[in-house]
Structures are given as structure tokens and as C-alpha cells.
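Printed here is start01.txt (compact mmCIF, C-alpha atoms):
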# COMPACT_ATOMS: atom_id res chain seq x y z
CA MET A 220 -22.50 -33.51 -38.60
CA CYS A 221 -19.39 -31.50 -37.70
CA TYR A 222 -19.25 -28.10 -39.36
CA SER A 223 -17.67 -25.97 -36.61
CA ILE A 224 -14.60 -26.48 -34.44
CA ALA A 225 -12.29 -24.80 -31.93
CA PHE A 226 -8.58 -24.82 -32.77
CA ILE A 227 -6.65 -22.78 -30.24
CA GLU A 228 -3.14 -24.31 -30.23
CA LYS A 229 -0.70 -21.84 -31.83
CA LYS A 230 2.59 -23.68 -31.43
CA ALA A 231 3.41 -25.84 -34.43
CA GLY A 232 6.24 -27.60 -32.61
CA LYS A 233 4.06 -28.50 -29.63
CA LEU A 234 1.35 -29.86 -31.89
CA ALA A 235 3.82 -31.90 -33.95
CA ALA A 236 5.35 -33.29 -30.76
CA ARG A 237 1.95 -34.68 -29.79
CA TYR A 238 2.00 -36.84 -32.95
CA GLN A 239 5.72 -37.56 -33.11
CA GLY A 240 5.09 -41.27 -32.79
CA ILE A 241 3.21 -41.47 -36.07
CA ILE A 242 4.92 -38.86 -38.25
CA PRO A 243 8.40 -39.39 -39.69
CA PRO A 244 11.41 -38.67 -37.48
CA GLY A 245 13.13 -35.41 -38.26
CA TRP A 246 9.99 -33.31 -37.98
CA LYS A 247 11.85 -30.74 -35.86
CA GLU A 248 14.40 -30.21 -38.63
CA GLU A 249 11.61 -30.01 -41.19
CA LEU A 250 9.84 -27.30 -39.22
CA ALA A 251 13.09 -25.40 -38.78
CA GLY A 252 13.89 -25.77 -42.47
CA GLU A 253 10.57 -24.17 -43.35
CA ASP A 254 11.26 -21.30 -40.95
CA THR A 255 8.15 -22.20 -39.03
CA ARG A 256 7.74 -20.04 -35.95
CA ASP A 257 5.91 -21.15 -32.86
CA ASP A 258 3.11 -18.66 -33.42
CA VAL A 259 2.29 -19.21 -37.09
CA LEU A 260 -0.68 -21.55 -36.67
CA PRO A 261 -4.14 -20.02 -36.89
CA SER A 262 -6.13 -19.71 -33.69
CA TYR A 263 -9.88 -20.21 -33.71
CA TYR A 264 -12.23 -20.23 -30.75
CA PHE A 265 -14.93 -20.87 -33.33
CA VAL A 266 -14.56 -21.44 -37.03
CA SER A 267 -17.06 -22.76 -39.53
CA GLY A 268 -16.06 -25.26 -42.17
CA PHE A 269 -17.94 -23.16 -44.72
CA ALA A 270 -15.14 -20.58 -44.39
CA HIS A 271 -12.76 -23.33 -45.59
CA PRO A 272 -10.00 -22.51 -43.07
CA GLU A 273 -6.52 -23.87 -43.62
CA LEU A 274 -5.48 -26.11 -40.72
CA PRO A 275 -2.55 -28.46 -39.99
CA VAL A 276 -3.40 -32.12 -40.50
CA PHE A 277 -1.18 -35.13 -39.88
CA GLY A 278 -0.63 -37.90 -42.39
CA HIS A 279 1.94 -40.65 -42.65
CA GLU A 280 4.34 -38.20 -44.33
CA GLY A 281 4.09 -35.59 -41.59
CA MET A 282 2.27 -32.37 -40.81
CA MET A 283 0.77 -30.53 -43.76
CA PRO A 284 -1.54 -27.55 -44.27
CA ALA A 285 -4.91 -28.38 -45.78
CA SER A 286 -8.12 -26.43 -46.16
CA TRP A 287 -11.41 -27.82 -44.89
CA GLY A 288 -13.74 -29.03 -47.63
CA LEU A 289 -12.28 -31.82 -49.76
CA ILE A 290 -11.81 -31.20 -53.47
CA PRO A 291 -11.51 -34.59 -55.17
CA HIS A 292 -8.56 -34.93 -57.50
CA TRP A 293 -10.86 -35.51 -60.47
CA ALA A 294 -12.65 -32.13 -60.30
CA LYS A 295 -12.19 -30.76 -63.81
CA ASP A 296 -12.12 -27.03 -63.07
CA ARG A 297 -12.34 -24.39 -60.35
CA GLU A 298 -16.07 -23.93 -60.78
CA LEU A 299 -16.76 -27.59 -60.03
CA ALA A 300 -14.18 -27.62 -57.23
CA ASP A 301 -15.85 -24.70 -55.47
CA LYS A 302 -19.26 -26.27 -55.93
CA LEU A 303 -18.18 -29.61 -54.47
CA ARG A 304 -16.32 -28.50 -51.36
CA ASN A 305 -19.28 -27.17 -49.38
CA GLY A 306 -20.70 -30.68 -49.61
CA THR A 307 -17.49 -32.42 -48.56
CA LEU A 308 -16.79 -30.79 -45.19
CA ASN A 309 -17.83 -34.14 -43.73
CA ALA A 310 -17.69 -37.67 -45.09
CA VAL A 311 -20.34 -40.07 -43.78
CA GLY A 312 -18.47 -43.03 -42.36
CA GLU A 313 -21.07 -45.58 -43.40
CA THR A 314 -20.75 -44.68 -47.09
CA VAL A 315 -17.25 -43.23 -47.36
CA PHE A 316 -15.87 -46.25 -49.23
CA GLU A 317 -18.50 -45.86 -51.94
CA LYS A 318 -18.84 -42.12 -52.59
CA PRO A 319 -16.88 -40.89 -55.65
CA SER A 320 -15.45 -37.90 -53.78
CA PHE A 321 -13.98 -40.06 -51.01
CA ARG A 322 -13.42 -43.65 -52.10
CA LYS A 323 -9.83 -43.09 -53.28
CA SER A 324 -8.81 -41.02 -50.26
CA ILE A 325 -10.28 -43.34 -47.63
CA ARG A 326 -8.15 -46.20 -48.92
CA SER A 327 -4.75 -44.51 -48.83
CA GLN A 328 -4.98 -40.81 -47.89
CA ARG A 329 -6.16 -40.70 -44.30
CA CYS A 330 -5.07 -38.03 -41.86
CA LEU A 331 -5.68 -36.62 -38.38
CA LEU A 332 -6.94 -33.24 -37.24
CA ALA A 333 -6.29 -32.16 -33.65
CA VAL A 334 -8.97 -29.87 -32.20
CA ASP A 335 -9.69 -28.38 -28.80
CA GLY A 336 -13.34 -29.18 -29.31
CA PHE A 337 -16.27 -28.86 -31.67
CA PHE A 338 -19.79 -27.42 -31.69
CA GLU A 339 -23.18 -29.00 -32.21
CA TRP A 340 -26.70 -27.65 -31.79
CA ARG A 341 -29.48 -28.98 -29.56
CA GLU A 342 -33.05 -28.22 -30.50
CA TYR A 343 -35.37 -27.68 -27.55
CA GLU A 344 -38.94 -26.34 -27.72
CA GLY A 345 -38.36 -24.73 -31.10
CA LYS A 346 -35.05 -23.05 -30.25
CA LYS A 347 -31.50 -24.06 -31.12
CA TYR A 348 -28.85 -24.03 -28.40
CA PRO A 349 -25.17 -24.41 -29.34
CA TYR A 350 -22.96 -26.68 -27.25
CA PHE A 351 -19.19 -26.82 -26.99
CA ILE A 352 -18.00 -30.44 -26.85
CA TYR A 353 -14.47 -30.96 -25.56
CA PRO A 354 -12.15 -33.55 -23.98
CA ASP A 355 -12.06 -34.13 -20.27
CA GLY A 356 -8.61 -32.91 -19.21
CA ASP A 357 -5.74 -31.42 -21.18
CA GLU A 358 -5.93 -33.75 -24.17
CA LEU A 359 -7.04 -32.73 -27.65
CA PHE A 360 -9.61 -34.56 -29.71
CA THR A 361 -7.99 -36.38 -32.62
CA LEU A 362 -10.47 -36.48 -35.49
CA GLY A 363 -10.22 -39.07 -38.24
CA CYS A 364 -10.09 -37.33 -41.62
CA LEU A 365 -9.11 -37.95 -45.22
CA TYR A 366 -7.39 -35.68 -47.71
CA ASP A 367 -6.84 -35.19 -51.42
CA LEU A 368 -4.60 -33.07 -53.64
CA TRP A 369 -6.26 -31.19 -56.47
CA THR A 370 -4.52 -29.36 -59.30
CA ASP A 371 -6.15 -26.41 -60.99
CA LYS A 372 -5.41 -27.13 -64.66
CA ALA A 373 -5.96 -23.52 -65.61
CA THR A 374 -3.30 -22.13 -63.27
CA GLY A 375 -1.23 -25.11 -62.14
CA GLU A 376 -2.05 -24.32 -58.49
CA MET A 377 -2.03 -27.38 -56.22
CA VAL A 378 -4.59 -27.36 -53.40
CA GLN A 379 -4.57 -29.77 -50.45
CA THR A 380 -7.95 -30.25 -48.78
CA PHE A 381 -9.53 -32.54 -46.19
CA SER A 382 -12.84 -33.84 -44.91
CA ILE A 383 -13.84 -34.96 -41.39
CA ILE A 384 -15.33 -38.45 -41.11
CA THR A 385 -18.61 -38.66 -39.17
CA THR A 386 -20.38 -41.51 -37.38
CA PRO A 387 -23.73 -42.01 -35.67
CA ALA A 388 -23.91 -40.11 -32.37
CA ASN A 389 -23.09 -41.79 -29.09
CA PRO A 390 -25.74 -41.41 -26.30
CA LEU A 391 -24.37 -38.05 -25.10
CA LEU A 392 -24.16 -36.55 -28.59
CA ALA A 393 -27.59 -37.94 -29.46
CA ILE A 394 -29.06 -35.72 -26.73
CA ILE A 395 -27.14 -32.66 -27.93
CA HIS A 396 -27.27 -33.13 -31.69
CA ASN A 397 -30.81 -34.39 -31.44
CA GLN A 398 -31.87 -33.62 -35.01
CA LYS A 399 -29.14 -35.22 -37.14
CA LYS A 400 -27.68 -37.43 -34.37
CA ARG A 401 -24.19 -37.47 -35.85
CA MET A 402 -20.71 -36.81 -34.45
CA PRO A 403 -17.15 -36.59 -35.79
CA LEU A 404 -14.95 -39.66 -35.71
CA ILE A 405 -12.87 -39.25 -32.54
CA LEU A 406 -9.96 -41.68 -32.62
CA PRO A 407 -8.36 -43.15 -29.49
CA ARG A 408 -4.62 -42.59 -29.26
CA ASP A 409 -3.80 -46.25 -29.90
CA ALA A 410 -5.62 -46.10 -33.28
CA GLU A 411 -3.91 -43.01 -34.68
CA ALA A 412 -0.92 -44.72 -36.29
CA ALA A 413 -3.06 -47.35 -37.99
CA TRP A 414 -5.45 -44.68 -39.26
CA VAL A 415 -2.75 -42.76 -41.15
CA ASP A 416 -0.89 -45.86 -42.37
CA PRO A 417 -1.78 -46.43 -46.07
CA GLY A 418 -1.09 -50.13 -45.57
CA THR A 419 -3.79 -50.66 -42.94
CA PRO A 420 -6.30 -53.23 -44.28
CA TYR A 421 -9.64 -51.79 -45.36
CA LYS A 422 -11.46 -54.09 -42.94
CA LEU A 423 -9.59 -52.57 -40.00
CA VAL A 424 -10.20 -49.03 -41.26
CA LYS A 425 -13.93 -49.76 -41.42
CA GLU A 426 -13.84 -51.16 -37.90
CA MET A 427 -12.27 -47.95 -36.62
CA ILE A 428 -15.15 -45.84 -37.96
CA GLN A 429 -17.28 -46.11 -34.83
CA PRO A 430 -18.88 -43.63 -32.41
CA ALA A 431 -16.48 -42.67 -29.64
CA ASP A 432 -17.27 -43.71 -26.10
CA GLU A 433 -18.81 -40.80 -24.22
CA LYS A 434 -16.41 -41.40 -21.36
CA GLY A 435 -13.87 -38.60 -21.47
CA ILE A 436 -16.17 -36.27 -23.43
CA ARG A 437 -17.57 -33.14 -21.80
CA ALA A 438 -20.10 -30.63 -23.11
CA HIS A 439 -21.84 -27.44 -22.05
CA PRO A 440 -24.15 -24.90 -23.68
CA VAL A 441 -22.62 -21.70 -25.01
CA SER A 442 -23.89 -18.36 -26.28
CA ARG A 443 -26.70 -18.38 -28.83
CA LYS A 444 -24.79 -15.68 -30.70
CA LEU A 445 -23.11 -18.61 -32.42
CA ASN A 446 -26.40 -19.15 -34.27
CA TYR A 447 -25.74 -16.01 -36.31
CA ALA A 448 -23.09 -16.31 -39.01
CA ARG A 449 -22.90 -12.54 -39.58
CA GLN A 450 -21.59 -11.96 -36.05
CA ASP A 451 -17.92 -12.27 -35.13
CA ARG A 452 -17.98 -15.70 -33.50
CA ASN A 453 -14.23 -16.18 -33.23
CA THR A 454 -13.96 -14.73 -29.72
CA PRO A 455 -12.90 -16.34 -26.41
CA ASP A 456 -16.45 -16.29 -25.07
CA ALA A 457 -17.50 -18.69 -27.84
CA ILE A 458 -16.44 -21.62 -25.67
CA GLU A 459 -17.64 -20.27 -22.31
CA ARG A 460 -20.51 -21.98 -20.49
CA VAL A 461 -23.89 -20.23 -20.57
CA LYS A 462 -26.70 -21.30 -18.26
CA TYR A 463 -30.20 -21.40 -19.74
CA SER A 464 -32.88 -21.85 -17.08
CA GLU A 465 -35.29 -23.41 -19.55
CA LEU A 466 -32.81 -25.98 -20.90
CA PRO A 467 -32.69 -29.39 -19.17
CA ASP A 468 -29.28 -30.62 -18.07
CA LEU A 469 -27.62 -33.41 -20.01

Please, can you express the file's structure as C-alpha cells?
Amino acid sequence: MCYSIAFIEKKAGKLAARYQGIIPPGWKEELAGEDTRDDVLPSYYFVSGFAHPELPVFGHEGMMPASWGLIPHWAKDRELADKLRNGTLNAVGETVFEKPSFRKSIRSQRCLLAVDGFFEWREYEGKKYPYFIYPDGDELFTLGCLYDLWTDKATGEMVQTFSIITTPANPLLAIIHNQKKRMPLILPRDAEAAWVDPGTPYKLVKEMIQPADEKGIRAHPVSRKLNYARQDRNTPDAIERVKYSELPDL
């Protein structure tokens, strides 16, 4: 699964420019109109989905803030919403069209999340070793996601949330994530526009939910301090390579 990511890009304008071909024209004016500064985006070397961070996602209407852990629109109250969202950090690609929490969103409310990388754990001889998985080069990973808008009937508050689609692991990720053997849906650039387009036929959407080719994906082990949620894991060394003599190379 994908429960932890790195999101280091701080400049909203730079991030929006990366997706200017799929979001509406005029995004620069929209950012300026909202008094969005270049440094307002959160920066995470490591963040867990269970903290429900708010991140910028891209849909067909533009860039929007959404918190990780999808609350389906039909959740009747805050208690149910909070209960559901820890179980909706990810949406299993093979069943996403059938699950009540996702089946509306996957048809017309798909979005993209740009990340610098993500983390998975490799089990070896009874120990768990975290790995940082990242693109080869200066590109970002574009993750296929879906979103929903929930309204708290008690307060009127409107909450936008998202979930990351997952697929079976490719051969590289199967070695790293060797217990669950899953990975996030990493979309190629030429599929991004179709993914966010509500008019894309369901058959094509299903065809896009496939494991990414391992070409262009890099990975290395990182500090085992990431195994401990009570530690401050959002530090630059979270993504730095650590050599373990006992751990076989990939």
C-alpha cells in the first residue's frame, strides 16, 4: 500500500506550471487572486497518511487543497467520517469501481498528486527496513488519485479529501514491499489529462490502473527510525541512503 510520502516542493506556481496542460488556463491569475505566495505549500520529507495532511491535488478544474483520507459524500456525521478515513488512504485499483466509498469518485472525480517519492517497507530476516522510492532524474511522481467533497451537516463545514489508487507491485516493488506487494498508481505524463477528464470512458480508466514500469524508478534503504511513529520523521535525513551490511541489494 502507500501510506507515507515525501512532498518537498514549496512553490505553488512551479507545481501548477508542471500541470498547466491539464488544468484550466488562467491558473496564474487564480493563484494571484487567492494571494498565494510561493512558499505556502507544506513541505514534508516524510509524512504519514494517518496524519491526514492537506496537500495540493490537481483535477480538471485546477489545483485544490485536499486532505489525505477520503470521506465519502454520504457519510452521515463527523463520527462516521473520522472512522472511515483511516481506511480510505488508499483505494485498491482492482475493486475501486465497486466499493461504496469510491465508486462515485472513480467515475468522475479523479485527480493527481505530485510527490517527490514514497516509502515502503521490506521485511528481511524478521526486521523491517524502510525504502525511499523516487523518480530517476528531476521529475516528480504523478500519482493517480480520486477525491470527494463531504459536508458536515452539523456545522456546514465542507471538507475536500482524496485517496491514492494502488495496484499490484511491479518486480522492483515486489522485492521491496515483499509482504503486501502493492504500489501506488504512478501515471505516465501522457495519461494525466485523460485521468482527470470526467468524460474519459470507464474502460480506459480501468486500463490505466496498471503497475508502473520499473524503468525510471529508483529506490534505496533509509533510516530505521522511520519505523517509529513517535519520533520526528519529517527531517531531511528521512530520504538519505543508509547502508545495511546484512541487507541484500535490490

In terms of all atoms listed in the file, the residue from A:Pro407, A:Pro319, A:Gly375, A:Pro440 at minimal distance from Phe351 (chain A) is A:Pro440

message: Between A:Asp367, A:Glu280, A:Glu228, A:Glu426, which residue has the minimum interatomic distance to Thr307 (chain A), considering all atoms listed in the file?
response: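 Between A:Asp367, A:Glu280, A:Glu228, A:Glu426, the residue approaching Thr307 (chain A) most closely is A:Asp367.
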
Report task. Skip Ser223 (chain A) itself and residues of its chain fewer than 5 positions away, then list as a list in words all residues within 6 Å of it, counting all atoms listed in the file. Result ->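 In the requested format, the answer is Val266, Ser267, Gly268, Phe337 and Phe338 of chain A.
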
Exercise. For Glu376 (chain A), work out the shell of residues within 12 Å, counting only C-alpha atoms and skipping chain neighbours fewer than 6 positions away, then give it as a PyMOL selection string.
Key: chain A and resi 296-297+368-370

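If all atoms listed in the file are the atoms counted, then among A:Glu358, A:Glu298, A:Asp456, A:Asp409 the closest residue to Leu234 (chain A) is A:Glu358.
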
From CA of Pro467 (chain A) to CA of Arg449 (chain A) the spacing works out at 28.2 Å
